[in-house]
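Chemist: One file: data20.csv (CSV, N, CA and C atoms).
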chain,number,residue,atom,x,y,z
W,1140,MET,N,-16.6,24.2,-14.0
W,1140,MET,CA,-15.6,23.7,-13.1
W,1140,MET,C,-15.3,22.3,-13.5
W,1141,SER,N,-14.0,22.0,-13.7
W,1141,SER,CA,-13.7,20.6,-14.0
W,1141,SER,C,-13.6,19.7,-12.7
W,1142,ASP,N,-13.5,18.4,-12.9
W,1142,ASP,CA,-13.4,17.5,-11.8
W,1142,ASP,C,-12.1,17.8,-11.1
W,1143,ARG,N,-11.1,18.1,-11.8
W,1143,ARG,CA,-9.8,18.4,-11.2
W,1143,ARG,C,-9.8,19.6,-10.2
W,1144,ASP,N,-10.6,20.6,-10.6
W,1144,ASP,CA,-10.8,21.8,-9.8
W,1144,ASP,C,-11.5,21.5,-8.4
W,1145,ARG,N,-12.3,20.4,-8.4
W,1145,ARG,CA,-13.0,20.1,-7.2
W,1145,ARG,C,-12.2,19.3,-6.2
W,1146,LEU,N,-11.0,18.8,-6.6
W,1146,LEU,CA,-10.2,18.0,-5.7
W,1146,LEU,C,-9.5,18.8,-4.6
W,1147,ASP,N,-9.4,18.1,-3.5
W,1147,ASP,CA,-8.6,18.7,-2.4
W,1147,ASP,C,-7.2,19.0,-2.9
W,1148,PRO,N,-6.6,20.1,-2.6
W,1148,PRO,CA,-5.3,20.5,-3.1
W,1148,PRO,C,-4.2,19.5,-2.9
W,1149,GLU,N,-4.2,18.8,-1.7
W,1149,GLU,CA,-3.2,17.8,-1.4
W,1149,GLU,C,-3.4,16.6,-2.4
W,1150,MET,N,-4.7,16.2,-2.6
W,1150,MET,CA,-4.9,15.1,-3.5
W,1150,MET,C,-4.6,15.4,-4.9
W,1151,ALA,N,-4.8,16.7,-5.3
W,1151,ALA,CA,-4.5,17.1,-6.7
W,1151,ALA,C,-3.0,17.0,-6.9
W,1152,ALA,N,-2.2,17.5,-5.8
W,1152,ALA,CA,-0.7,17.4,-5.9
W,1152,ALA,C,-0.3,16.0,-6.0
W,1153,PHE,N,-0.9,15.1,-5.2
W,1153,PHE,CA,-0.5,13.7,-5.2
W,1153,PHE,C,-0.8,13.1,-6.6
W,1154,ILE,N,-1.9,13.3,-7.2
W,1154,ILE,CA,-2.3,12.8,-8.5
W,1154,ILE,C,-1.3,13.3,-9.5
W,1155,GLY,N,-1.0,14.6,-9.5
W,1155,GLY,CA,0.0,15.2,-10.4
W,1155,GLY,C,1.4,14.5,-10.3
W,1156,ALA,N,1.8,14.4,-9.0
W,1156,ALA,CA,3.1,13.7,-8.8
W,1156,ALA,C,3.1,12.3,-9.3
W,1157,SER,N,2.0,11.6,-9.0
W,1157,SER,CA,1.9,10.2,-9.4
W,1157,SER,C,2.0,10.1,-11.0
W,1158,ALA,N,1.2,10.9,-11.6
W,1158,ALA,CA,1.2,10.9,-13.1
W,1158,ALA,C,2.6,11.2,-13.7
W,1159,ALA,N,3.3,12.2,-13.1
W,1159,ALA,CA,4.7,12.5,-13.5
W,1159,ALA,C,5.6,11.3,-13.3
W,1160,GLY,N,5.5,10.7,-12.2
W,1160,GLY,CA,6.3,9.5,-11.9
W,1160,GLY,C,6.0,8.3,-12.8
W,1161,ALA,N,4.7,8.1,-13.1
W,1161,ALA,CA,4.3,7.0,-14.0
W,1161,ALA,C,4.8,7.3,-15.4
W,1162,ALA,N,4.9,8.5,-15.8
W,1162,ALA,CA,5.4,8.8,-17.2
W,1162,ALA,C,6.8,8.3,-17.5
W,1163,ARG,N,7.5,8.0,-16.4
W,1163,ARG,CA,8.9,7.5,-16.6
W,1163,ARG,C,8.9,6.0,-16.9
W,1164,PHE,N,7.7,5.3,-16.8
W,1164,PHE,CA,7.6,3.9,-17.0
W,1164,PHE,C,6.9,3.6,-18.3
W,1165,PRO,N,7.1,2.3,-18.8
W,1165,PRO,CA,6.4,2.0,-20.1
W,1165,PRO,C,4.9,1.8,-19.8
W,1166,PRO,N,4.1,1.9,-20.8
W,1166,PRO,CA,2.6,1.7,-20.6
W,1166,PRO,C,2.4,0.3,-20.0
W,1167,ILE,N,1.3,0.2,-19.1
W,1167,ILE,CA,1.0,-1.0,-18.5
W,1167,ILE,C,-0.1,-1.7,-19.3
W,1168,LYS,N,0.2,-3.0,-19.6
W,1168,LYS,CA,-0.7,-3.9,-20.3
W,1168,LYS,C,-0.8,-5.1,-19.5
W,1169,MET,N,-2.0,-5.4,-19.0
W,1169,MET,CA,-2.2,-6.6,-18.2
W,1169,MET,C,-2.5,-7.8,-19.1
W,1170,GLU,N,-1.4,-8.5,-19.4
W,1170,GLU,CA,-1.5,-9.6,-20.3
W,1170,GLU,C,-0.5,-10.7,-19.8
W,1171,ILE,N,-0.7,-11.9,-20.2
W,1171,ILE,CA,0.2,-13.0,-19.9
W,1171,ILE,C,1.5,-12.9,-20.8
W,1172,PRO,N,2.6,-13.0,-20.2
W,1172,PRO,CA,3.0,-13.2,-18.8
W,1172,PRO,C,2.8,-11.9,-18.0
W,1173,TYR,N,2.4,-12.0,-16.7
W,1173,TYR,CA,2.1,-10.9,-15.9
W,1173,TYR,C,3.4,-10.3,-15.3
W,1174,GLU,N,4.4,-11.1,-15.2
W,1174,GLU,CA,5.6,-10.7,-14.4
W,1174,GLU,C,6.2,-9.3,-14.9
W,1175,PRO,N,6.4,-9.1,-16.2
W,1175,PRO,CA,7.0,-7.8,-16.6
W,1175,PRO,C,6.1,-6.6,-16.1
W,1176,THR,N,4.8,-6.7,-16.3
W,1176,THR,CA,3.9,-5.7,-15.8
W,1176,THR,C,3.9,-5.5,-14.3
W,1177,ARG,N,3.9,-6.7,-13.6
W,1177,ARG,CA,3.9,-6.7,-12.2
W,1177,ARG,C,5.1,-5.9,-11.6
W,1178,ARG,N,6.3,-6.1,-12.2
W,1178,ARG,CA,7.5,-5.4,-11.8
W,1178,ARG,C,7.3,-3.9,-11.9
W,1179,VAL,N,6.7,-3.4,-13.1
W,1179,VAL,CA,6.5,-2.0,-13.3
W,1179,VAL,C,5.5,-1.4,-12.3
W,1180,ILE,N,4.4,-2.1,-12.1
W,1180,ILE,CA,3.4,-1.6,-11.1
W,1180,ILE,C,4.0,-1.6,-9.7
W,1181,ASP,N,4.7,-2.6,-9.3
W,1181,ASP,CA,5.3,-2.6,-8.0
W,1181,ASP,C,6.3,-1.5,-7.8
W,1182,GLU,N,7.1,-1.3,-8.8
W,1182,GLU,CA,8.2,-0.3,-8.7
W,1182,GLU,C,7.5,1.1,-8.5
W,1183,MET,N,6.4,1.4,-9.3
W,1183,MET,CA,5.7,2.6,-9.1
W,1183,MET,C,5.1,2.7,-7.7
W,1184,ALA,N,4.5,1.7,-7.3
W,1184,ALA,CA,3.8,1.7,-6.0
W,1184,ALA,C,4.7,1.8,-4.8
W,1185,LEU,N,5.9,1.2,-4.9
W,1185,LEU,CA,6.9,1.3,-3.8
W,1185,LEU,C,7.3,2.8,-3.5
W,1186,GLN,N,7.2,3.7,-4.5
W,1186,GLN,CA,7.5,5.1,-4.3
W,1186,GLN,C,6.5,5.7,-3.3
W,1187,ALA,N,5.3,5.3,-3.4
W,1187,ALA,CA,4.3,5.8,-2.4
W,1187,ALA,C,4.4,5.2,-1.1
W,1188,ALA,N,5.1,4.1,-0.9
W,1188,ALA,CA,5.3,3.4,0.4
W,1188,ALA,C,6.3,4.1,1.3
W,1189,GLU,N,7.1,5.0,0.7
W,1189,GLU,CA,8.1,5.7,1.5
W,1189,GLU,C,7.6,6.7,2.5
W,1190,GLY,N,8.3,6.9,3.5
W,1190,GLY,CA,7.9,7.9,4.5
W,1190,GLY,C,6.7,7.4,5.4
W,1191,GLY,N,6.0,8.3,6.0
W,1191,GLY,CA,4.9,8.0,6.8
W,1191,GLY,C,5.3,7.7,8.3
W,1192,PRO,N,4.3,7.3,9.1
W,1192,PRO,CA,4.6,7.2,10.5
W,1192,PRO,C,5.5,6.0,10.8
W,1193,GLY,N,6.2,6.1,11.9
W,1193,GLY,CA,7.0,5.0,12.4
W,1193,GLY,C,6.1,4.1,13.3
W,1194,MET,N,6.5,2.9,13.5
W,1194,MET,CA,5.8,1.9,14.3
W,1194,MET,C,6.7,1.4,15.4
W,1195,ALA,N,6.1,1.1,16.6
W,1195,ALA,CA,6.9,0.6,17.7
W,1195,ALA,C,7.3,-0.8,17.4
W,1196,GLU,N,6.5,-1.6,16.6
W,1196,GLU,CA,6.8,-2.9,16.2
W,1196,GLU,C,6.1,-3.3,14.9
W,1197,THR,N,6.9,-3.9,14.0
W,1197,THR,CA,6.3,-4.4,12.8
W,1197,THR,C,6.8,-5.8,12.6
W,1198,THR,N,5.9,-6.8,12.4
W,1198,THR,CA,6.3,-8.2,12.2
W,1198,THR,C,5.6,-8.8,11.0
W,1199,ASP,N,6.4,-9.6,10.3
W,1199,ASP,CA,5.8,-10.4,9.2
W,1199,ASP,C,5.4,-11.8,9.7
W,1200,ARG,N,4.3,-12.3,9.3
W,1200,ARG,CA,3.8,-13.6,9.8
W,1200,ARG,C,3.2,-14.3,8.6
W,1201,TRP,N,3.3,-15.6,8.6
W,1201,TRP,CA,2.6,-16.4,7.6
W,1201,TRP,C,1.4,-17.0,8.2
W,1202,VAL,N,0.3,-16.9,7.5
W,1202,VAL,CA,-1.0,-17.4,8.0
W,1202,VAL,C,-1.4,-18.6,7.1
W,1203,ALA,N,-1.8,-19.7,7.6
W,1203,ALA,CA,-2.2,-20.9,6.9
W,1203,ALA,C,-3.7,-20.6,6.4
W,1204,ALA,N,-4.0,-20.8,5.2
W,1204,ALA,CA,-5.3,-20.7,4.7
W,1204,ALA,C,-5.6,-21.6,3.5
W,1205,ARG,N,-6.4,-22.6,3.7
W,1205,ARG,CA,-6.8,-23.5,2.6
W,1205,ARG,C,-5.6,-24.1,2.0
W,1206,GLY,N,-4.7,-24.6,2.8
W,1206,GLY,CA,-3.6,-25.3,2.3
W,1206,GLY,C,-2.5,-24.5,1.7
W,1207,ARG,N,-2.6,-23.2,1.9
W,1207,ARG,CA,-1.6,-22.2,1.4
W,1207,ARG,C,-1.1,-21.4,2.5
W,1208,ARG,N,0.0,-20.7,2.3
W,1208,ARG,CA,0.5,-19.7,3.3
W,1208,ARG,C,0.4,-18.3,2.7
W,1209,ILE,N,-0.1,-17.4,3.5
W,1209,ILE,CA,-0.2,-16.0,3.0
W,1209,ILE,C,0.6,-15.1,3.9
W,1210,LEU,N,1.4,-14.3,3.3
W,1210,LEU,CA,2.2,-13.4,4.1
W,1210,LEU,C,1.3,-12.2,4.6
W,1211,CYS,N,1.4,-12.0,5.9
W,1211,CYS,CA,0.7,-10.9,6.6
W,1211,CYS,C,1.7,-10.0,7.3
W,1212,ARG,N,1.4,-8.8,7.4
W,1212,ARG,CA,2.3,-7.9,8.2
W,1212,ARG,C,1.4,-7.3,9.3
W,1213,VAL,N,2.0,-7.3,10.6
W,1213,VAL,CA,1.3,-6.8,11.7
W,1213,VAL,C,2.0,-5.5,12.2
W,1214,TYR,N,1.3,-4.4,12.3
W,1214,TYR,CA,1.8,-3.1,12.7
W,1214,TYR,C,1.3,-2.8,14.1
W,1215,ARG,N,2.2,-2.4,15.0
W,1215,ARG,CA,1.8,-1.9,16.3
W,1215,ARG,C,2.5,-0.5,16.5
W,1216,PRO,N,1.6,0.6,16.4
W,1216,PRO,CA,2.2,1.9,16.6
W,1216,PRO,C,2.7,2.1,18.0
W,1217,ARG,N,2.1,1.4,19.0
W,1217,ARG,CA,2.5,1.4,20.4
W,1217,ARG,C,2.6,0.0,20.9
W,1218,ALA,N,3.6,-0.2,21.8
W,1218,ALA,CA,3.7,-1.6,22.4
W,1218,ALA,C,3.3,-1.6,23.8
W,1219,ASP,N,2.9,-0.4,24.4
W,1219,ASP,CA,2.6,-0.3,25.8
W,1219,ASP,C,1.1,-0.3,26.1
W,1220,ALA,N,0.3,-0.7,25.2
W,1220,ALA,CA,-1.1,-0.6,25.4
W,1220,ALA,C,-1.9,-1.5,24.5
W,1221,ALA,N,-3.0,-2.0,24.9
W,1221,ALA,CA,-3.9,-2.8,24.0
W,1221,ALA,C,-4.5,-1.8,23.0
W,1222,LEU,N,-4.6,-2.2,21.8
W,1222,LEU,CA,-5.0,-1.3,20.7
W,1222,LEU,C,-6.1,-2.0,19.9
W,1223,PRO,N,-7.0,-1.2,19.2
W,1223,PRO,CA,-8.0,-1.9,18.3
W,1223,PRO,C,-7.3,-2.6,17.2
W,1224,VAL,N,-8.0,-3.5,16.5
W,1224,VAL,CA,-7.4,-4.3,15.4
W,1224,VAL,C,-8.2,-4.0,14.2
W,1225,MET,N,-7.5,-3.8,13.1
W,1225,MET,CA,-8.1,-3.7,11.8
W,1225,MET,C,-7.4,-4.7,10.8
W,1226,VAL,N,-8.2,-5.4,10.1
W,1226,VAL,CA,-7.6,-6.3,9.1
W,1226,VAL,C,-7.9,-5.8,7.7
W,1227,HIS,N,-6.9,-5.5,6.9
W,1227,HIS,CA,-7.0,-5.0,5.6
W,1227,HIS,C,-6.7,-6.1,4.6
W,1228,PHE,N,-7.7,-6.4,3.8
W,1228,PHE,CA,-7.5,-7.4,2.7
W,1228,PHE,C,-7.3,-6.7,1.4
W,1229,HIS,N,-6.1,-6.8,0.8
W,1229,HIS,CA,-5.8,-6.2,-0.4
W,1229,HIS,C,-6.4,-7.1,-1.5
W,1230,ARG,N,-7.0,-6.5,-2.5
W,1230,ARG,CA,-7.7,-7.3,-3.5
W,1230,ARG,C,-6.9,-7.2,-4.9
W,1231,GLY,N,-5.6,-7.4,-4.8
W,1231,GLY,CA,-4.8,-7.4,-6.0
W,1231,GLY,C,-4.9,-8.6,-6.9
W,1232,GLY,N,-5.6,-9.7,-6.3
W,1232,GLY,CA,-5.7,-10.9,-7.1
W,1232,GLY,C,-4.4,-11.6,-7.3
W,1233,TRP,N,-3.5,-11.4,-6.5
W,1233,TRP,CA,-2.1,-12.0,-6.6
W,1233,TRP,C,-1.5,-11.7,-7.9
W,1234,ILE,N,-1.9,-10.6,-8.6
W,1234,ILE,CA,-1.3,-10.2,-9.8
W,1234,ILE,C,-0.4,-9.0,-9.6
W,1235,GLN,N,-0.8,-8.1,-8.7
W,1235,GLN,CA,0.0,-6.9,-8.5
W,1235,GLN,C,-0.1,-6.5,-7.0
W,1236,SER,N,0.9,-5.8,-6.6
W,1236,SER,CA,1.0,-5.2,-5.3
W,1236,SER,C,1.3,-6.3,-4.2
W,1237,SER,N,1.7,-5.8,-3.0
W,1237,SER,CA,2.2,-6.7,-2.0
W,1237,SER,C,2.1,-5.9,-0.6
W,1238,VAL,N,2.5,-6.6,0.4
W,1238,VAL,CA,2.6,-6.0,1.7
W,1238,VAL,C,3.6,-4.8,1.7
W,1239,ASP,N,4.6,-4.9,0.8
W,1239,ASP,CA,5.6,-3.8,0.7
W,1239,ASP,C,5.1,-2.6,0.0
W,1240,THR,N,4.3,-2.8,-1.1
W,1240,THR,CA,3.8,-1.7,-1.8
W,1240,THR,C,2.7,-0.9,-1.0
W,1241,HIS,N,2.1,-1.6,-0.1
W,1241,HIS,CA,1.0,-1.0,0.7
W,1241,HIS,C,1.5,-0.7,2.2
W,1242,ASP,N,2.8,-0.7,2.4
W,1242,ASP,CA,3.4,-0.6,3.7
W,1242,ASP,C,3.0,0.8,4.3
W,1243,ARG,N,3.2,1.8,3.6
W,1243,ARG,CA,2.9,3.2,4.2
W,1243,ARG,C,1.4,3.3,4.5
W,1244,LEU,N,0.5,2.9,3.6
W,1244,LEU,CA,-0.9,2.9,3.8
W,1244,LEU,C,-1.3,2.2,5.1
W,1245,ALA,N,-0.7,1.0,5.3
W,1245,ALA,CA,-1.0,0.2,6.5
W,1245,ALA,C,-0.5,0.9,7.7
W,1246,ARG,N,0.7,1.5,7.6
W,1246,ARG,CA,1.2,2.3,8.8
W,1246,ARG,C,0.4,3.5,9.1
W,1247,GLU,N,-0.2,4.2,8.1
W,1247,GLU,CA,-1.1,5.3,8.3
W,1247,GLU,C,-2.3,4.8,9.0
W,1248,TYR,N,-2.9,3.7,8.5
W,1248,TYR,CA,-4.1,3.1,9.2
W,1248,TYR,C,-3.8,2.8,10.7
W,1249,ALA,N,-2.7,2.2,10.9
W,1249,ALA,CA,-2.3,1.8,12.3
W,1249,ALA,C,-2.1,3.0,13.2
W,1250,ALA,N,-1.4,4.0,12.7
W,1250,ALA,CA,-1.2,5.2,13.5
W,1250,ALA,C,-2.5,5.9,13.8
W,1251,ALA,N,-3.4,6.0,12.8
W,1251,ALA,CA,-4.7,6.6,13.0
W,1251,ALA,C,-5.6,5.8,14.0
W,1252,GLY,N,-5.5,4.5,14.0
W,1252,GLY,CA,-6.3,3.7,14.9
W,1252,GLY,C,-5.8,3.8,16.4
W,1253,MET,N,-4.6,4.2,16.6
W,1253,MET,CA,-4.0,4.2,17.9
W,1253,MET,C,-4.7,5.2,18.8
W,1254,TRP,N,-5.4,6.2,18.2
W,1254,TRP,CA,-6.0,7.3,19.0
W,1254,TRP,C,-7.5,7.0,19.2
W,1255,ARG,N,-8.0,5.9,18.7
W,1255,ARG,CA,-9.4,5.6,18.8
W,1255,ARG,C,-9.8,5.1,20.2
Write out the structure in this file as structure tokens.
Modeler:
Amino acid sequence: MSDRDRLDPEMAAFIGASAAGAARFPPIKMEIPYEPTRRVIDEMALQAAEGGPGMAETTDRWVAARGRRILCRVYRPRADAALPVMVHFHRGGWIQSSVDTHDRLAREYAAAGMWR
């Protein structure tokens, strides 16, 4: 049995669709300058950010940290109740990805936390 045969069918379909989508782009080489590669990675990742649950409120905020400003996005699946809080730190190293590329993932987390 191969590793692929052990995957959840939905995950296998996602991996297959992701690979097919990635095949339309040039190979990724993380080298200086990063910007051309960053654009390709972000364009591929933005496809996965589509769809997903809707939010009652989504706001972008700037947080001051060590003399810098960091863009953060706050998701509220409901506006009529106190909800738990989760803070997700993306570890892209400021080289790839953004709040936009991870928008759907964050909305999925927010929607799941609403029922806890």
Chemist: Running DSSP on the backbone, which parts of chain W land in alpha helix (DSSP H), as a VMD selection string?
Modeler: chain W and resid 1148 to 1161 1174 to 1187 1242 to 1252
Chemist: At a cut-off of 8 Å, using all atoms listed in the file, what residues contact Ile1180 of chain W? Leave out same-chain residues fewer than 6 positions from it and give the result as a list in words.
Modeler: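 The residues that qualify are Ile1167, Glu1174, Gln1235, Ser1236 and Thr1240 of chain W.
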Chemist: For the atom pair atom CA of Pro1165 of chain W and atom CA of Ala1184 of chain W, what is the interatomic distance in Å to one decimal place?
Modeler: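 So the two atoms, atom CA of Pro1165 of chain W and atom CA of Ala1184 of chain W, lie 14.3 Å apart.
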Chemist: As an exercise, work out the distance from atom N of Tyr1248 of chain W to atom N of Asp1199 of chain W in Å and give it to one decimal place.
Modeler: 16.3 Å
Chemist: Between atom CA of Ala1250 of chain W and atom CA of Gly1155 of chain W, measure the distance and give it in Å to one decimal.
Modeler: 25.9 Å
Chemist: Residues within 12 Å of segment 1186-1195 of chain W, please, as JSON, numbers by chain. Count only C-alpha atoms; anything in the same chain fewer than 5 positions from it doesn't count.
Modeler: {"W": [1153, 1154, 1156, 1157, 1160, 1161, 1179, 1180, 1181, 1213, 1214, 1215, 1216, 1217, 1218, 1219, 1220, 1236, 1237, 1238, 1239, 1240, 1241, 1242, 1243, 1244, 1245, 1246, 1247, 1248, 1249, 1250, 1251, 1253]}
Chemist: Report as a list in words: the residues of segment 1140-1250 of chain W with a DSSP assignment of strand (DSSP E), based on the backbone of this structure.
Modeler: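 Result set for segment 1140-1250 of chain W (strand (DSSP E)): Glu1196, Thr1197, Thr1198, Asp1199, Arg1200, Trp1201, Val1202, Ala1203, Ala1204, Arg1207, Arg1208, Ile1209, Leu1210, Cys1211, Arg1212, Val1213, Tyr1214 and Arg1215 of chain W.
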